[in-house]
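Participant: Next up, run_27.txt (compact mmCIF, C-alpha atoms).
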# COMPACT_ATOMS: atom_id res chain seq x y z
CA MET A 112 0.00 0.00 0.00
CA ARG A 113 1.16 3.51 -0.86
CA TYR A 114 -0.37 6.22 1.29
CA LEU A 115 -0.40 9.96 1.82
CA SER A 116 -0.47 11.13 5.43
CA LEU A 117 -2.09 14.47 6.25
CA PHE A 118 -1.68 16.23 9.62
CA SER A 119 1.21 13.78 10.04
CA GLY A 120 2.63 14.73 13.41
CA ILE A 121 5.56 12.44 14.21
CA GLU A 122 3.93 9.82 11.97
CA ALA A 123 2.67 7.02 14.20
CA ALA A 124 0.86 5.47 11.21
CA THR A 125 4.15 4.86 9.40
CA VAL A 126 5.68 3.24 12.47
CA ALA A 127 2.65 0.95 12.80
CA TRP A 128 2.41 0.09 9.11
CA HIS A 129 6.12 -0.41 8.35
CA PRO A 130 6.02 -4.13 9.31
CA LEU A 131 3.20 -4.56 6.77
CA GLY A 132 5.35 -3.15 3.98
CA TRP A 133 3.16 -0.07 3.52
CA MET A 134 5.01 2.97 2.16
CA PRO A 135 4.34 6.67 2.78
CA VAL A 136 4.52 8.69 -0.45
CA GLY A 137 4.15 12.04 1.28
CA PHE A 138 3.45 13.82 4.53
CA ALA A 139 1.70 17.09 5.32
CA GLU A 140 2.94 18.70 8.53
CA ILE A 141 3.75 22.30 9.51
CA GLU A 142 4.83 22.19 13.16
CA PRO A 143 8.64 22.51 13.53
CA PHE A 144 9.33 19.60 15.90
CA PRO A 145 7.29 16.98 13.99
CA CYS A 146 8.79 18.28 10.72
CA ALA A 147 12.29 17.71 12.12
CA VAL A 148 11.33 14.18 13.21
CA LEU A 149 9.93 13.39 9.76
CA GLU A 150 13.02 14.78 8.01
CA HIS A 151 15.30 12.72 10.27
CA HIS A 152 13.48 9.41 9.91
CA TYR A 153 12.07 9.77 6.37
CA PRO A 154 14.43 12.02 4.38
CA ASP A 155 13.22 10.62 1.05
CA VAL A 156 9.51 11.26 1.73
CA PRO A 157 8.39 14.78 0.79
CA ASN A 158 6.64 16.96 3.35
CA LEU A 159 4.01 18.93 1.45
CA GLY A 160 3.52 21.37 4.32
CA SER A 161 0.10 22.82 5.04
CA VAL A 162 -2.86 20.85 3.73
CA THR A 163 -4.32 24.16 2.53
CA ASP A 164 -1.37 24.59 0.14
CA ILE A 165 -1.39 21.14 -1.47
CA THR A 166 -2.14 21.27 -5.19
CA GLU A 167 -3.28 18.67 -7.67
CA ALA A 168 0.14 18.91 -9.34
CA MET A 169 1.86 18.06 -6.04
CA ILE A 170 -0.39 15.03 -5.61
CA LYS A 171 0.32 13.82 -9.16
CA GLN A 172 4.09 14.02 -8.54
CA LEU A 173 3.72 11.47 -5.72
CA GLY A 174 2.57 8.76 -8.12
CA PRO A 175 -0.13 6.22 -7.32
CA ILE A 176 -1.77 6.57 -3.89
CA ASP A 177 -3.86 3.75 -2.42
CA LEU A 178 -4.92 5.46 0.79
CA VAL A 179 -5.06 8.90 2.39
CA VAL A 180 -4.77 8.82 6.18
CA PHE A 181 -5.32 11.78 8.48
CA GLY A 182 -6.30 12.86 11.93
CA SER A 183 -7.02 16.57 11.93
CA PRO A 184 -5.65 18.50 14.87
CA CYS A 185 -7.93 18.71 17.88
CA GLN A 186 -6.13 21.33 19.95
CA ASP A 187 -8.57 24.03 18.92
CA VAL A 188 -11.69 21.96 19.60
CA VAL A 189 -13.70 23.36 22.51
CA VAL A 190 -15.75 20.89 24.52
CA LYS A 191 -18.81 22.36 26.20
Spit out the file's structure as structure tokens when you get a sec.

Facilitator:
Amino acid sequence: MRYLSLFSGIEAATVAWHPLGWMPVGFAEIEPFPCAVLEHHYPDVPNLGSVTDITEAMIKQLGPIDLVVFGSPCQDVVVK
């Protein structure tokens, strides 16, 4: 499986799926610390940055994608 990870964080999905042979084709993360972790562990996987800036051309450059995985940030969610 080839997947694109949005709101990637430090990329727990890739750690979990590595034993299955699944491959990330791209990440989308903007926070400095997670970006540094991704660059260190996955230097050959592009970080597309903010999900609001991803274009169709950027997606096409990644090649075939079987799955898009994401967990949008919840820090700004207010529980009443």

Participant: Taking into account all atoms listed in the file, which residue in the set A:Phe138, A:Met169, A:Gly174, A:Gly132 is nearest to Tyr153 (chain A)?

Facilitator: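 Of A:Phe138, A:Met169, A:Gly174, A:Gly132, the one nearest Tyr153 (chain A) is A:Phe138, counting all atoms listed in the file.
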
Participant: Using all atoms of region 163-169 of chain A listed in the file and a margin of 8 Å per side, can you give the axis-aligned box centre and edge lengths in Å to one decimal, as JSON?

Facilitator:
{"center_x": -1.2, "center_y": 21.3, "center_z": -3.4, "size_x": 22.2, "size_y": 22.5, "size_z": 27.9}

Participant: Neighbours of His129 (chain A) within 12 Å (all atoms listed in the file; same-chain residues fewer than 5 positions away dropped), as a ChimeraX atom specification?

Facilitator: /A:112-114,122-124,134-135,153

Participant: For those residues, write C-alpha atoms to a file as a PDB file, in the frame of the given file.

Facilitator:
ATOM      1  CA  MET A 112       0.000   0.000   0.000  1.00  0.00           C
ATOM      2  CA  ARG A 113       1.160   3.510  -0.860  1.00  0.00           C
ATOM      3  CA  TYR A 114      -0.370   6.220   1.290  1.00  0.00           C
ATOM      4  CA  GLU A 122       3.930   9.820  11.970  1.00  0.00           C
ATOM      5  CA  ALA A 123       2.670   7.020  14.200  1.00  0.00           C
ATOM      6  CA  ALA A 124       0.860   5.470  11.210  1.00  0.00           C
ATOM      7  CA  MET A 134       5.010   2.970   2.160  1.00  0.00           C
ATOM      8  CA  PRO A 135       4.340   6.670   2.780  1.00  0.00           C
ATOM      9  CA  TYR A 153      12.070   9.770   6.370  1.00  0.00           C
TER      10      TYR A 153
END

Participant: Out of A:Leu115, A:Val179, A:Val126, A:Leu131, which residue has the shortest atom-to-atom distance to His152 (chain A) when counting all atoms listed in the file?

Facilitator: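 Among A:Leu115, A:Val179, A:Val126, A:Leu131, it is A:Val126 that comes nearest to His152 (chain A).
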
Participant: Name the closest residue to Pro175 (chain A) among the candidates A:Ile141, A:Val156, A:Ile121, A:Val136; distances are taken between atoms, counting all atoms listed in the file.

Facilitator: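 That would be A:Val136, the residue with the smallest distance to Pro175 (chain A).
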
Participant: May I ask for the distance between CA of Gly120 (chain A) and CA of Cys146 (chain A), given in Å to one decimal place?

Facilitator: 7.6 Å

Participant: In Å to one decimal, how far is CA of Glu142 (chain A) from CA of Ser116 (chain A)?

Facilitator: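 CA of Glu142 (chain A) lies 14.5 Å from CA of Ser116 (chain A).
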
Participant: Could you tell me how far CA of Pro143 (chain A) sits from CA of Gly160 (chain A), in Å to one decimal place?

Facilitator: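 For CA of Gly160 (chain A) relative to CA of Pro143 (chain A), the distance reads 10.6 Å.
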
Participant: Check the smallest atom-to-atom distance from each of A:Leu173, A:Leu178, A:Glu140, A:Ala168 to Asp155 (chain A) using only C-alpha atoms, then report the winner.

Facilitator: A:Leu173

Participant: For a quick check of understanding, using all atoms listed in the file, which of A:Ala127, A:Leu159, A:Ser183, A:His151 has the smallest distance to Ala139 (chain A)?

Facilitator: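 Answer, going by the shortest atom-to-atom distance: A:Leu159.
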